[in-house]
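Novice: data.csv (CSV, C-alpha atoms) pasted underneath:
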```csv
chain,number,residue,atom,x,y,z
Z,692,MET,CA,7.8,8.5,-2.4
Z,693,ALA,CA,9.8,10.1,-5.3
Z,694,ARG,CA,12.3,8.3,-7.6
Z,695,LYS,CA,10.3,5.1,-7.1
Z,696,HIS,CA,10.2,2.4,-9.7
Z,697,GLN,CA,10.4,-0.8,-7.8
Z,698,ARG,CA,7.5,-1.9,-5.5
Z,699,SER,CA,10.2,-3.0,-3.0
Z,700,SER,CA,12.8,-0.4,-1.8
Z,701,ASP,CA,14.7,1.4,-4.6
Z,702,THR,CA,18.2,2.4,-3.6
Z,703,ASP,CA,17.7,6.0,-4.6
Z,704,GLN,CA,14.1,6.5,-3.6
Z,705,VAL,CA,13.3,9.6,-1.6
Z,706,ARG,CA,10.6,9.6,1.1
Z,707,VAL,CA,8.6,12.9,1.3
Z,708,GLN,CA,6.3,13.5,4.2
Z,709,VAL,CA,2.7,14.5,3.6
Z,710,GLU,CA,1.6,17.6,5.4
Z,711,LYS,CA,-2.1,17.7,4.4
Z,712,ILE,CA,-4.6,16.0,2.2
Z,713,ILE,CA,-7.4,18.2,0.6
Z,714,ILE,CA,-10.3,16.2,-0.6
Z,715,HIS,CA,-12.6,17.9,-3.1
Z,716,PRO,CA,-15.7,19.0,-1.1
Z,717,GLY,CA,-18.1,17.9,-3.8
Z,718,TYR,CA,-16.8,14.4,-4.0
Z,719,ASN,CA,-19.7,11.8,-4.3
Z,720,ARG,CA,-18.6,8.3,-3.3
Z,721,PHE,CA,-21.7,6.8,-4.9
Z,722,THR,CA,-21.3,8.4,-8.4
Z,723,GLN,CA,-17.5,8.9,-8.2
Z,724,ASP,CA,-18.1,12.5,-9.5
Z,725,LYS,CA,-15.4,15.0,-8.5
Z,726,ASP,CA,-13.1,12.2,-7.5
Z,727,LEU,CA,-9.9,14.0,-6.7
Z,728,ALA,CA,-7.8,15.2,-3.8
Z,729,LEU,CA,-4.6,17.2,-3.4
Z,730,ILE,CA,-1.6,16.2,-1.4
Z,731,LYS,CA,0.5,18.9,0.2
Z,732,LEU,CA,4.0,17.8,0.8
Z,733,SER,CA,6.0,19.0,3.9
Z,734,SER,CA,9.0,19.9,1.7
Z,735,SER,CA,9.6,20.9,-1.9
Z,736,LEU,CA,10.7,18.4,-4.7
Z,737,ARG,CA,12.4,21.3,-6.5
Z,738,SER,CA,15.9,19.9,-5.9
Z,739,LEU,CA,14.9,16.5,-7.3
Z,740,ILE,CA,13.2,18.1,-10.4
Z,741,ASN,CA,16.4,20.2,-11.0
Z,742,ASP,CA,18.6,17.1,-10.7
Z,743,ALA,CA,20.6,16.5,-13.8
Z,744,ASP,CA,19.5,12.9,-14.2
Z,745,GLY,CA,16.0,14.0,-15.1
Z,746,ARG,CA,14.2,11.1,-13.3
Z,747,VAL,CA,11.8,13.4,-11.5
Z,748,ARG,CA,9.8,15.7,-13.7
Z,749,PRO,CA,6.7,17.8,-13.1
Z,750,VAL,CA,3.5,17.0,-14.9
Z,751,CYS,CA,1.7,20.1,-16.3
Z,752,LEU,CA,-2.0,20.8,-15.8
Z,753,LEU,CA,-4.5,21.4,-18.6
Z,754,SER,CA,-5.7,24.9,-17.9
Z,755,ALA,CA,-8.7,25.1,-20.3
Z,756,ALA,CA,-12.0,23.4,-19.4
Z,757,CYS,CA,-13.2,20.9,-21.9
Z,758,GLY,CA,-16.7,22.1,-22.9
Z,759,GLY,CA,-18.2,20.6,-26.1
Z,760,GLY,CA,-19.9,17.8,-24.3
Z,761,GLY,CA,-16.7,15.9,-23.3
Z,762,SER,CA,-15.3,15.4,-26.8
Z,763,CYS,CA,-12.1,17.3,-26.3
Z,764,LEU,CA,-9.1,15.0,-26.0
Z,765,ALA,CA,-11.0,12.2,-27.8
Z,766,GLY,CA,-8.7,10.2,-30.1
Z,767,GLN,CA,-5.6,11.2,-28.2
Z,768,LYS,CA,-3.4,8.5,-26.7
Z,769,ALA,CA,-3.4,8.4,-22.9
Z,770,ILE,CA,-0.5,7.0,-20.9
Z,771,LEU,CA,-1.7,5.3,-17.7
Z,772,ALA,CA,0.7,4.3,-14.9
Z,773,GLY,CA,0.5,2.5,-11.6
Z,774,TRP,CA,1.3,-0.5,-9.3
Z,775,GLY,CA,-2.2,-2.0,-9.3
Z,776,VAL,CA,-3.0,-5.6,-9.8
Z,777,THR,CA,-2.2,-7.1,-13.2
Z,778,LYS,CA,-5.1,-9.5,-13.2
Z,779,PRO,CA,-8.6,-8.6,-11.9
Z,780,GLY,CA,-9.8,-10.7,-9.0
Z,781,THR,CA,-6.3,-11.5,-7.8
Z,782,SER,CA,-3.7,-9.9,-5.6
Z,783,SER,CA,-1.0,-10.2,-8.2
Z,784,THR,CA,0.9,-7.0,-8.2
Z,785,PRO,CA,3.9,-6.1,-10.4
Z,786,ALA,CA,7.4,-5.7,-9.1
Z,787,THR,CA,7.8,-2.4,-11.0
Z,788,VAL,CA,5.5,0.4,-11.9
Z,789,GLN,CA,3.5,-0.5,-15.1
Z,790,GLN,CA,2.3,1.7,-17.9
Z,791,VAL,CA,-0.1,1.2,-20.8
Z,792,ILE,CA,-1.3,3.5,-23.6
Z,793,VAL,CA,-5.0,3.6,-24.6
Z,794,PRO,CA,-7.1,5.9,-26.7
Z,795,ILE,CA,-9.3,8.5,-25.1
Z,796,MET,CA,-13.0,8.3,-26.2
Z,797,THR,CA,-15.8,10.8,-26.2
Z,798,ASN,CA,-18.0,11.1,-23.1
Z,799,ALA,CA,-21.0,10.1,-25.3
Z,800,ALA,CA,-19.4,6.8,-26.3
Z,801,CYS,CA,-18.4,6.2,-22.6
Z,802,ALA,CA,-21.9,7.0,-21.4
Z,803,ALA,CA,-23.4,4.5,-23.9
Z,804,ALA,CA,-21.0,1.8,-22.6
Z,805,TYR,CA,-22.1,2.3,-19.0
Z,806,ALA,CA,-25.8,3.1,-19.6
Z,807,ALA,CA,-27.1,-0.4,-19.1
Z,808,ASP,CA,-25.4,-0.5,-15.7
Z,809,GLY,CA,-27.0,2.8,-14.7
Z,810,ILE,CA,-23.6,4.5,-14.3
Z,811,GLY,CA,-23.6,8.2,-15.3
Z,812,ILE,CA,-20.7,9.8,-17.0
Z,813,THR,CA,-20.4,13.5,-16.2
Z,814,SER,CA,-18.6,16.3,-17.9
Z,815,ARG,CA,-16.0,16.1,-15.1
Z,816,MET,CA,-15.0,12.6,-16.2
Z,817,VAL,CA,-13.0,11.4,-19.2
Z,818,CYS,CA,-12.8,7.8,-20.5
Z,819,ALA,CA,-10.2,5.7,-22.2
Z,820,GLY,CA,-9.8,2.1,-23.4
Z,821,LEU,CA,-9.9,-0.3,-26.2
Z,822,ASP,CA,-13.2,-1.6,-27.6
Z,823,GLU,CA,-11.7,-5.1,-27.4
Z,824,GLY,CA,-10.4,-4.6,-23.9
Z,825,GLY,CA,-7.1,-6.1,-22.8
Z,826,LYS,CA,-5.4,-2.8,-21.6
Z,827,ASP,CA,-6.6,-0.8,-18.6
Z,828,THR,CA,-5.9,0.3,-15.1
Z,829,CYS,CA,-7.1,-2.0,-12.3
Z,830,GLN,CA,-7.5,-2.2,-8.5
Z,831,GLY,CA,-4.6,-0.4,-6.8
Z,832,ASP,CA,-4.1,2.1,-9.6
Z,833,SER,CA,-6.8,4.6,-8.3
Z,834,GLY,CA,-5.4,8.1,-7.9
Z,835,GLY,CA,-2.8,7.5,-10.5
Z,836,PRO,CA,-2.1,9.6,-13.6
Z,837,MET,CA,-3.7,9.7,-17.0
Z,838,MET,CA,-1.1,11.6,-19.0
Z,839,LEU,CA,-0.7,13.0,-22.5
Z,840,LYS,CA,2.8,13.3,-23.9
Z,841,GLY,CA,3.5,16.3,-26.1
Z,842,ALA,CA,5.8,16.5,-29.1
Z,843,ASP,CA,8.2,18.4,-26.8
Z,844,ASN,CA,8.3,15.5,-24.4
Z,845,VAL,CA,6.3,17.5,-21.8
Z,846,TYR,CA,3.7,15.5,-20.0
Z,847,THR,CA,0.3,16.9,-19.1
Z,848,LEU,CA,-2.1,15.4,-16.5
Z,849,ALA,CA,-5.4,14.9,-18.4
Z,850,GLY,CA,-7.0,12.6,-15.8
Z,851,ILE,CA,-6.8,10.7,-12.5
Z,852,VAL,CA,-7.7,7.0,-12.3
Z,853,SER,CA,-11.1,6.8,-10.8
Z,854,PHE,CA,-13.2,3.7,-11.6
Z,855,GLY,CA,-14.3,1.1,-14.2
Z,856,LYS,CA,-16.4,-2.0,-14.6
Z,857,GLY,CA,-13.8,-4.8,-14.0
Z,858,CYS,CA,-10.4,-4.3,-15.6
Z,859,ALA,CA,-9.7,-4.4,-19.3
Z,860,VAL,CA,-13.2,-5.7,-20.0
Z,861,PRO,CA,-14.3,-5.4,-23.7
Z,862,GLY,CA,-16.7,-2.5,-24.1
Z,863,ASN,CA,-16.1,-1.1,-20.6
Z,864,PRO,CA,-13.5,1.7,-20.7
Z,865,GLY,CA,-11.7,3.1,-17.6
Z,866,VAL,CA,-13.2,6.2,-16.2
Z,867,TYR,CA,-10.9,9.1,-15.0
Z,868,THR,CA,-11.5,12.4,-13.3
Z,869,ARG,CA,-11.1,15.1,-16.0
Z,870,VAL,CA,-8.4,17.4,-14.5
Z,871,SER,CA,-9.1,20.4,-16.7
Z,872,GLU,CA,-12.5,20.8,-15.1
Z,873,PHE,CA,-10.8,21.4,-11.7
Z,874,TYR,CA,-8.0,23.8,-12.7
Z,875,ASN,CA,-9.2,26.7,-10.6
Z,876,TRP,CA,-9.9,24.5,-7.6
Z,877,ILE,CA,-6.4,23.0,-7.9
Z,878,LYS,CA,-4.8,26.4,-8.2
Z,879,ASP,CA,-6.8,27.9,-5.3
Z,880,ASN,CA,-6.0,25.0,-3.0
Z,881,SER,CA,-2.4,24.7,-4.0
Z,882,ARG,CA,-1.8,27.9,-2.1
Z,883,VAL,CA,-3.3,26.5,1.2
```
Would you mind writing the file out in structure tokens?

Specialist:
Amino acid sequence: MARKHQRSSDTDQVRVQVEKIIIHPGYNRFTQDKDLALIKLSSSLRSLINDADGRVRPVCLLSAACGGGGSCLAGQKAILAGWGVTKPGTSSTPATVQQVIVPIMTNAACAAAYAADGIGITSRMVCAGLDEGGKDTCQGDSGGPMMLKGADNVYTLAGIVSFGKGCAVPGNPGVYTRVSEFYNWIKDNSRV
């Protein structure tokens, strides 16, 4: 669905058929490592992107791998968006897409937060959240975007909503697939 803001039907939403779903072959459902897939659409969104109202815009990819032990992006503000539940443990979903801004942390800090639970944070993951909790993604947001907004108002896809311990729990940041580590895989499989 494109041009979608309301959970119910938007008057100007556009339905686009999915032609193919390409799941990363290294995805591990137990560790959530390499948690990403590509969706190939049956038709182009170019006419919507070129529409003068500007409601549909592309999100750019980070083309350089992180390196440095997962400290790149740390301190930047991530914009998260989705229609997931607004309170953990309930089925309370919002009427419109929600967004929240949280800081990105280093992988070392994230690994320390999850160490007691035996959850490993890999270099292919990126974490974000507030120490005090209160802002996060939740059930139903998985697969959604973690975006960075540049000074030029260009958005970049830094991560994909993957998992977390609860939702907005103090000391438990959200964990996202680090898109920069999959740039070549995305480019190679975008031609399929």

Novice: Hey, which of Z:Ile851, Z:Ile712, Z:Leu736, Z:Cys801 ends up closest to Thr813 in chain Z? Count only C-alpha atoms.

Specialist: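 Smallest separation from Thr813 in chain Z among the options: Z:Cys801.
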
Novice: Tell me, as a VMD selection string, which residues lie within 10 Å of Gly820 in chain Z, counting only C-alpha atoms; anything in the same chain fewer than 6 positions away does not count.

Specialist: chain Z and resid 768 to 769 792 to 796 801 826 to 828 859 to 866

Novice: To one decimal in Å, tell me the separation between CA of Ser700 in chain Z and CA of Ser783 in chain Z.

Specialist: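 Rounded to one decimal, the two atoms are 18.1 Å apart.
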
Novice: Z:Met692, Z:Cys751, Z:Val791, Z:Val707: which is nearest Cys829 in chain Z, counting only C-alpha atoms?

Specialist: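 Nearest to Cys829 in chain Z: Z:Val791.
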
Novice: By how many Å are CA of Asn875 in chain Z and CA of Arg706 in chain Z apart?

Specialist: 28.7 Å

Novice: Suppose you want the space between CA of Thr784 in chain Z and CA of Gly825 in chain Z; what is it in Å?

Specialist: 16.7 Å

Novice: Excluding Gly758 in chain Z and residues on its chain fewer than 5 positions from it, collect all residues at most 10 Å away from it, counting only C-alpha atoms, and give them as a CSV table (one decimal) with C-alpha atoms, in the frame of the given file.

Specialist:
```
chain,number,residue,atom,x,y,z
Z,763,CYS,CA,-12.1,17.3,-26.3
Z,814,SER,CA,-18.6,16.3,-17.9
Z,815,ARG,CA,-16.0,16.1,-15.1
Z,871,SER,CA,-9.1,20.4,-16.7
Z,872,GLU,CA,-12.5,20.8,-15.1
```

Novice: Can you list, as a ChimeraX atom specification, every protein, DNA or RNA residue that comes within 12 Å of Lys878 in chain Z when you count only C-alpha atoms, leaving out same-chain residues fewer than 6 positions away?

Specialist: /Z:729,752-754,870-872

Novice: Identify which of the residues Z:Gly855, Z:Gly824, Z:Gly809, Z:Gly773 lies closest to Pro836 in chain Z, counting all atoms listed in the file when measuring atom-to-atom distances.

Specialist: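 Of the candidates, the smallest distance to Pro836 in chain Z is held by Z:Gly773.
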
Novice: Identify which of the residues Z:Val852, Z:Thr777, Z:Ala800, Z:Pro749 lies closest to Arg737 in chain Z, counting all atoms listed in the file when measuring atom-to-atom distances.

Specialist: Z:Pro749

Novice: Name the residues within 8 Å of (-7.6, 1.6, -9.6), counting all atoms listed in the file in the file's coordinates, and put them as a count of residues only.

Specialist: 12

Novice: Please determine the residues with any atom at most 12 Å from (4.1, 16.1, 5.9) (coordinates as given in the file, with only C-alpha atoms counting) and report them as a VMD selection string.

Specialist: chain Z and resid 692 706 to 712 730 to 735

Novice: Mind checking which residues fall within 8 Å of Asp724 in chain Z, counting all atoms listed in the file, ignoring those fewer than 5 positions away in the same chain, and posting them as a PyMOL selection string?

Specialist: chain Z and resi 717-719+813+815-816+868

Novice: Go through Z:Val788, Z:Leu764, Z:Leu727, Z:Ala755 one by one, measure the shortest atom-to-atom distance of each to Gln697 in chain Z using only C-alpha atoms, and give the residue with the smallest value.

Specialist: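 Closest to Gln697 in chain Z of all the choices is Z:Val788.
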
Novice: My list of candidates is Z:Ala806, Z:Cys818, Z:Leu739, Z:Ala799. Which is closest to Ala849 in chain Z when distances are computed with only C-alpha atoms?

Specialist: Z:Cys818
